[in-house]
Number of protein chains: 2
Amino acid sequence: MSKQTTESIRVFALGGVGEIGKNMYVVEVDDDLFVIDAGLMFPDDEMLGVDVVIPDISYLVENEERVRAILLTHGHEDHIGGLPYVLQKLNVPVYGTKLTLGLVEEKLKEAGLIRSAKLKLIDSNSRLKLGSTPVSFFRTNHSIPDSVGICIQTSQGFIVHTGDFKFDQTPVDGKQAEIGKMAAIGHKGVLCLLSDSTNAERPGMTKSETEVGRGIAEAFEQTKGRIIVTTFASNVHRVQQVIHAAIATNRKLAVAGRSMVKVVSIAERLGYLEAPDDLFIDIEEVSKYDDERVAIITTGSQGEPMSALSRMAKGAHRQITITENDTVIIAATPIPGNERSVSTIVDLLHRIGADVIFGHGKVHASGHGSAEELKLMLNLMRPKFFVPIHGEFRMQHAHKELAKSVGIREEAIFLVDKGEVVEFRNGQGRKAGKVPSGNVLIDGLGVGDVGNIVLRDRRLLSKDGILVVVVTLNKQSGTILSGPNIISRGFVYVRESEKLIEEANELVTETLKKCVTENVNEWSSLKSNVREVLSRFLFEKTKRRPMILPIIMEV
Amino acid sequence: MSKQTTESIRVFALGGVGEIGKNMYVVEVDDDLFVIDAGLMFPDDEMLGVDVVIPDISYLVENEERVRAILLTHGHEDHIGGLPYVLQKLNVPVYGTKLTLGLVEEKLKEAGLIRSAKLKLIDSNSRLKLGSTPVSFFRTNHSIPDSVGICIQTSQGFIVHTGDFKFDQTPVDGKQAEIGKMAAIGHKGVLCLLSDSTNAERPGMTKSETEVGRGIAEAFEQTKGRIIVTTFASNVHRVQQVIHAAIATNRKLAVAGRSMVKVVSIAERLGYLEAPDDLFIDIEEVSKYDDERVAIITTGSQGEPMSALSRMAKGAHRQITITENDTVIIAATPIPGNERSVSTIVDLLHRIGADVIFGHGKVHASGHGSAEELKLMLNLMRPKFFVPIHGEFRMQHAHKELAKSVGIREEAIFLVDKGEVVEFRNGQGRKAGKVPSGNVLIDGLGVGDVGNIVLRDRRLLSKDGILVVVVTLNKQSGTILSGPNIISRGFVYVRESEKLIEEANELVTETLKKCVTENVNEWSSLKSNVREVLSRFLFEKTKRRPMILPIIMEV
């Protein structure tokens with residue numbers, strides 16, 4: 001590879017740095033622009049009423065003619081969940097492995113986009129030439145099968161994106177990460193590595209998924225009654241191990257929960273799950289079997305209140321109600337932010353008297369490599385420059401420290417926020433400005449129409465409710481023809497507040513009359529007067545600040 | 001103590017079981033009724049706009065003449081925070097140790113209740129006779145000084161409440177838990193033990209607070225720049241250890257954050273904190289000193305957005321702005337539910353480039369005993385009956401298992417929910433019905449006026465906002481005189497939705513006209529027609545369900 005060139009390479013994240021979720025990275029090699037992943041994120045507590053969050057892709061839309069492909073590393077929601085929105089604005093080819101595309105297809109069918117989408121199947125041995133840029137892949141281990149890292153060839157060296165990865169020496173499907181291939185890439189020369197920072201703060205190595213299998217098998221062996229297992233639907237290897245445990249203990253297996261049913265059916269159809277024909281039974285048939293001859297695998301490992309597990313625990317599931325004779329295996333750990341809802345479901349299960357087997361100890365392992373694995377990746381790739389990605393800022397920071405510990409110079413490590421561009425020219429890297437980036441909020445059918453003002457209003461409404469004050473005035477004289485009517489919602493229970501509302505009513509009437517006498521009958525100042533007087537009065541009486549909405553009708 | 005008696009003892013929790021927070025337990029010995037603690041809880045995510053939650057005390061109010069005392073175990077908010085509300089309805093004597101009452105006094109001053117309150121100072125050696133019942137105490141170790149357990153003497157044996165406790169062999173103030181006294185109580189005969197279940201799921205022993213001191217001292221020694229330490233304000237021992245570390249490294253110490261300032265001043269005044277006169281400096285003076293000669297101790301360890309630490313990190317604090325030269329020591333761990341906000345502040349500090357020392361490893365220890373300590377307490381007390389308290393249900397459950405492991409019969413262990421009464425007669429215990437119990441929500445000045453309807457409305461408003469539809473009709477003819485006016489808040493950004501609102505307007509006008517023609521001009525059916533038509537229209541167009549509030553004015 002020539003060292004003297006004016007080729008420009010730009011690397012940046014539109015999502016996935018400074019946060020967990022909505023991964024989307026961009027690599028530009030002169031005119032060829034590659035998007036890696038198109039994920040979504042679930043809203044935080046401040047984003048009231050929002051369904052999902054995706055990255056701002058206005059930069060991509062502006063440069064659509066240069067976008068050669070969206071390359072997918074694996075099929076998790078935070079890597080593919082944004083596709084239905086992105087493809088509406090940007091109809092470019094999407095490359096992914098078999099299981100990844102299987103999950104994408106399902107998503108695009110639901111969104112009515114499957115006909116127009118250009119899905120291209122690859123495997124870890126595929127070699128593409130996109131625009132004038134060669135692109136290849138390497139297999140990794142992760143908590144979903146068929147995950148890959150991506151290798152983009154440039155005249156200054158490879159740009160390598162690891163995807164999400166761990167090094168599992170005993171993977172469930174026997175397919176180890178392609179370490180030899182990674183070493184060869186490193187040997188040929190990596191200009192820049194983008195690597196998964198999720199577990200950079202954890203020392204040592206992440207546990208093998210096979211160990212989780214042993215934990216689940218033991219739990220099955222030791223349990224007399226019915227077993228209900230919950231895990232992430234997309235963790236196909238774990239589902240496979242539950243299948244093994246069910247077979248070994250002579251239990252039938254029923255599948256519950258929309259996304260579990262969906263993933264199991266896709267994974268089975270595509271050959272990622274192996275099960276004898278007579279293993280699965282319908283959820284309706286569970287009651288026909290003795291408790292010790294049946295197990296149920298279901299969604300709900302994050303304590304989602306509407307999930308099948310939560311409904312089973314609350315007696316709100318049509319077929320299954322959890323009792324004190326059941327054993328519930330929660331083969332997952334709470335995603336940050338879900339600790340409380342998981343704790344609620346665990347508590348509820350204990351109240352019922354069910355046996356609960358939960359968490360990290362034996363029945364869960366992370367899909368992301370810990371410190372030693374991240375260092376191994378760095379040592380295999382020996383990159384000239386390093387950009388830690390996929391994590392909150394403190395994880396990126398911890399990953400930077402790991403990189404320094406294996407000999408990467410501090411100046412060659414870029415901690416980037418969303419939109420921050422790292423540019424490479426003549427083998428030299430530097431930060432080079434920003435592209436537009438941010439959160440696009442999706443609420444119902446609206447993409448991006450919920451902005452700061454709407455959220456601020458929802459926040460206000462959620463805190464102390466609203467008071468609507470309506471009055472009909474005579475257009476000419478300004479005399480009150482009807483009202484004022486005061487209606488409140490979410491402010492205070494009406495029966496308790498009759499007197500308060502009565503007093504408020506008098507106050508508004510007085511204010512309006514005074515305004516008219518003083519000839520302040522321009523609507524806007526009438527309204528602001530009413531709002532101000534009423535707000536002060538209510539705060540004095542209740543120490544609350546409901547939103548006040550004065551409406552003046554004229555006849 | 002006689003074995004044959006008809007004395008009736010009733011024990012129950014009004015708060016603190018099946019939850020973390022608002023601890024309040026009741027022990028009735030015939031006519032003498034004792035309340036142990038009167039805590040508050042912070043609202044969960046579903047309790048929109050609510051400030052704090054306290055137990056329903058209607059049972060106590062009904063039996064006021066029998067309430068002999070409120071006995072306080074220690075000064076944490078989840079044990080004393082409900083007092084300002086409880087004492088308004090129930091003016092009974094309150095017993096507590098010096099620091100506990102110091103904190104209570106401050107609270108009652110703020111609430112304007114200090115004059116009427118009957119505060120009674122005790123120490124761990126006090127012996128009281130309340131009504132006809134002897135009450136004594138024993139000292140424990142906890143994450144606040146001056147914590148005690150309570151021992152109520154009855155003819156059937158002692159009723160013992162441990163309060164919150166750990167066994168710290170090297171407590172910061174040298175005052176060990178009174179194990180000898182506990183053993184003596186156990187020897188005399190405990191009818192029923194109520195014991196802290198918080199850490200029942202954790203194996204082993206909880207770390208000594210002194211070890212945390214070493215971690216903090218080391219951090220101070222190794223830090224060149226300015227140090228900012230945050231911890232729970234009430235953890236006076238930890239504050240003392242920060243003081244030691246500051247002295248040892250020749251730093252001045254400034255105190256920031258309202259509750260930290262308050263607790264430090266109370267604890268110093270009452271002799272629980274020792275510091276040389278010239279140690280403390282005003283927060284305004286910090287800038288006068290070299291970075292390596294100053295430390296700041298502040299609130300904000302839970303990532304509270306308005307706390308001093310958060311404001312310092314965001315550049316919104318008047319005197320202090322955190323920079324990349326600072327080291328921030330977060331000597332705390334997130335309380336369940338606060339994981340995300342703590343993670344946000346840690347991330348922000350890393351973005352700034354500050355050094356962050358965080359959490360369990362070296363600079364925090366729990367105040368609650370782990371499994372081995374809970375077993376030690378059970379073995380000391382050797383109770384006939386056992387009620388695990390203070391914890392979520394799964395912690396109570398784990399505590400039950402520990403009790404079984406040290407030989408307490410399963411039938412002698414009562415897992416209780418709020419309000420569930422355990423009754424003892426003739427030395428025999430059994431569950432005996434329920435007393436009223438529940439959550440009382442406090443919002444501003446309102447105590448209990450925010451109920452399910454108000455919360456449901458706030459929830460609806462927070463999800464998709466509100467649409468108010470106002471129209472003025474002629475009383476006789478029903479013709480439209482003005483409107484319909486449609487005003488929305490929190491629904492959709494107005495500029496994006498002009499066309500939508502216009503269409504909605506036409507639809508409403510049409511609906512109203514049709515209703516009038518069909519003589520459906522009773523207001524309630526007019527309103528429900530408008531609501532229904534509009535709701536369907538908006539859901540079709542946006543897949544959202546804002547609250548719709550039709551208001552009809554008549555002239």
# chains A, B, ... in the order shown; residues from 1 in each chain; ligands from 1
call {"tool": "interface_residues", "arguments": {"of": "chain A", "to": "chain B", "cutoff": "8 Å", "atoms": "only C-alpha atoms", "output": "NGL selection string"}}
result
:A and (18 or 48-50 or 336-337 or 339-340 or 346-348 or 350-351 or 392-394 or 397 or 443-446 or 449-451 or 453-459 or 461-465 or 470-472 or 481-483 or 489-493 or 496 or 541-544 or 553-555)
call {"tool": "residues_around", "arguments": {"residues": "segment 317-332 of chain A", "least_positions_apart": "5", "cutoff": "9 Å", "atoms": "only C-alpha atoms", "output": "number ranges by chain"}}
result
A: 212, 216, 219, 223-232, 238, 283-287, 291, 300-302, 308-312, 346, 349-360, 362-366
call {"tool": "select_by_dssp", "arguments": {"residues": "segment 85-220 of chain A", "states": "strand (DSSP E or B)", "output": "number ranges by chain"}}
result
A: 94-96, 119-121, 127-130, 133-139, 141, 148-154, 157-161, 166, 190-196
call {"tool": "closest_residue", "arguments": {"among": "A:Lys418, A:Lys499, A:Lys107, A:Lys120", "to": "Tyr85 of chain A", "atoms": "only C-alpha atoms"}}
result
A:Lys107
call {"tool": "select_by_dssp", "arguments": {"residues": "segment 254-486 of chain A", "states": "alpha helix (DSSP H)", "output": "PyMOL selection string"}}
result
chain A and resi 258-269+308-314+339-352+360-363+371-381+393-405+452-464
call {"tool": "decode", "arguments": {"residues": "segment 195-211 of chain A", "atoms": "all heavy atoms", "output": "short mmCIF file (atom, residue, chain, number, x, y, z; two decimals), in the first residue's frame"}}
result
data_model
loop_
_atom_site.label_atom_id
_atom_site.label_comp_id
_atom_site.auth_asym_id
_atom_site.auth_seq_id
_atom_site.Cartn_x
_atom_site.Cartn_y
_atom_site.Cartn_z
N SER A 195 -13.53 -0.34 17.89
CA SER A 195 -13.78 -1.56 18.66
C SER A 195 -14.75 -1.33 19.81
O SER A 195 -14.78 -0.27 20.43
CB SER A 195 -12.44 -2.12 19.16
OG SER A 195 -12.64 -3.30 19.91
N ASP A 196 -15.52 -2.37 20.07
CA ASP A 196 -16.60 -2.45 21.07
C ASP A 196 -16.11 -2.17 22.49
O ASP A 196 -15.29 -2.92 23.02
CB ASP A 196 -17.18 -3.87 20.97
CG ASP A 196 -18.23 -4.21 22.01
OD1 ASP A 196 -18.62 -3.33 22.79
OD2 ASP A 196 -18.67 -5.38 22.03
N SER A 197 -16.63 -1.13 23.14
CA SER A 197 -16.14 -0.74 24.47
C SER A 197 -17.03 -1.18 25.63
O SER A 197 -16.71 -0.89 26.79
CB SER A 197 -16.01 0.80 24.53
OG SER A 197 -15.27 1.29 23.44
N THR A 198 -18.15 -1.87 25.35
CA THR A 198 -19.17 -2.13 26.36
C THR A 198 -18.61 -2.59 27.71
O THR A 198 -18.96 -2.06 28.75
CB THR A 198 -20.17 -3.19 25.85
OG1 THR A 198 -20.57 -2.82 24.53
CG2 THR A 198 -21.39 -3.29 26.75
N ASN A 199 -17.73 -3.60 27.67
CA ASN A 199 -17.22 -4.16 28.92
C ASN A 199 -15.79 -3.75 29.21
O ASN A 199 -15.07 -4.47 29.92
CB ASN A 199 -17.33 -5.69 28.89
CG ASN A 199 -18.74 -6.15 29.26
OD1 ASN A 199 -19.52 -5.38 29.79
ND2 ASN A 199 -19.04 -7.41 28.98
N ALA A 200 -15.37 -2.60 28.71
CA ALA A 200 -13.98 -2.18 28.91
C ALA A 200 -13.65 -1.98 30.38
O ALA A 200 -12.50 -2.08 30.80
CB ALA A 200 -13.71 -0.89 28.14
N GLU A 201 -14.67 -1.74 31.20
CA GLU A 201 -14.42 -1.54 32.63
C GLU A 201 -14.30 -2.85 33.39
O GLU A 201 -13.94 -2.85 34.56
CB GLU A 201 -15.56 -0.72 33.24
CG GLU A 201 -15.62 0.71 32.70
CD GLU A 201 -16.90 1.40 33.13
OE1 GLU A 201 -17.99 0.81 32.91
OE2 GLU A 201 -16.83 2.50 33.69
N ARG A 202 -14.66 -3.98 32.76
CA ARG A 202 -14.61 -5.26 33.46
C ARG A 202 -13.29 -5.96 33.24
O ARG A 202 -12.90 -6.20 32.10
CB ARG A 202 -15.72 -6.19 32.94
CG ARG A 202 -17.06 -5.73 33.37
CD ARG A 202 -18.04 -6.91 33.34
NE ARG A 202 -19.41 -6.39 33.34
CZ ARG A 202 -20.45 -7.03 32.86
NH1 ARG A 202 -20.29 -8.22 32.32
NH2 ARG A 202 -21.64 -6.49 32.90
N PRO A 203 -12.63 -6.34 34.31
CA PRO A 203 -11.34 -7.03 34.16
C PRO A 203 -11.56 -8.46 33.66
O PRO A 203 -12.67 -8.97 33.66
CB PRO A 203 -10.78 -7.04 35.59
CG PRO A 203 -11.99 -6.94 36.47
CD PRO A 203 -13.03 -6.16 35.70
N GLY A 204 -10.49 -9.09 33.22
CA GLY A 204 -10.53 -10.51 32.89
C GLY A 204 -11.22 -10.83 31.58
O GLY A 204 -11.22 -10.02 30.65
N MET A 205 -11.78 -12.04 31.53
CA MET A 205 -12.43 -12.54 30.33
C MET A 205 -13.91 -12.74 30.62
O MET A 205 -14.29 -13.09 31.73
CB MET A 205 -11.87 -13.93 29.96
CG MET A 205 -10.39 -14.04 29.71
SD MET A 205 -9.97 -13.77 27.96
CE MET A 205 -10.74 -15.19 27.17
N THR A 206 -14.74 -12.55 29.62
CA THR A 206 -16.17 -12.83 29.77
C THR A 206 -16.39 -14.34 29.70
O THR A 206 -15.70 -15.04 28.96
CB THR A 206 -16.94 -12.11 28.65
OG1 THR A 206 -16.72 -10.70 28.80
CG2 THR A 206 -18.42 -12.41 28.73
N LYS A 207 -17.34 -14.81 30.50
CA LYS A 207 -17.65 -16.24 30.58
C LYS A 207 -18.15 -16.77 29.23
O LYS A 207 -18.83 -16.07 28.48
CB LYS A 207 -18.73 -16.40 31.64
CG LYS A 207 -18.93 -17.77 32.15
CD LYS A 207 -19.71 -17.74 33.46
CE LYS A 207 -21.07 -17.09 33.31
NZ LYS A 207 -21.85 -17.16 34.54
N SER A 208 -17.85 -18.01 28.95
CA SER A 208 -18.35 -18.64 27.72
C SER A 208 -19.85 -18.91 27.82
O SER A 208 -20.36 -19.25 28.89
CB SER A 208 -17.62 -19.96 27.48
OG SER A 208 -18.28 -20.67 26.44
N GLU A 209 -20.52 -18.80 26.70
CA GLU A 209 -21.94 -19.12 26.65
C GLU A 209 -22.20 -20.58 27.03
O GLU A 209 -23.25 -20.92 27.57
CB GLU A 209 -22.48 -18.82 25.25
CG GLU A 209 -23.96 -19.05 25.05
CD GLU A 209 -24.86 -18.17 25.93
OE1 GLU A 209 -24.43 -17.06 26.30
OE2 GLU A 209 -25.97 -18.60 26.25
N THR A 210 -21.23 -21.45 26.77
CA THR A 210 -21.39 -22.86 27.11
C THR A 210 -21.55 -23.08 28.62
O THR A 210 -22.27 -23.96 29.06
CB THR A 210 -20.19 -23.67 26.60
OG1 THR A 210 -19.99 -23.35 25.23
CG2 THR A 210 -20.43 -25.16 26.71
N GLU A 211 -20.86 -22.24 29.39
CA GLU A 211 -21.00 -22.36 30.85
C GLU A 211 -22.42 -22.05 31.29
O GLU A 211 -22.94 -22.66 32.23
CB GLU A 211 -20.05 -21.39 31.55
CG GLU A 211 -18.62 -21.88 31.63
CD GLU A 211 -17.80 -20.98 32.54
OE1 GLU A 211 -18.23 -20.74 33.69
OE2 GLU A 211 -16.75 -20.49 32.08
#
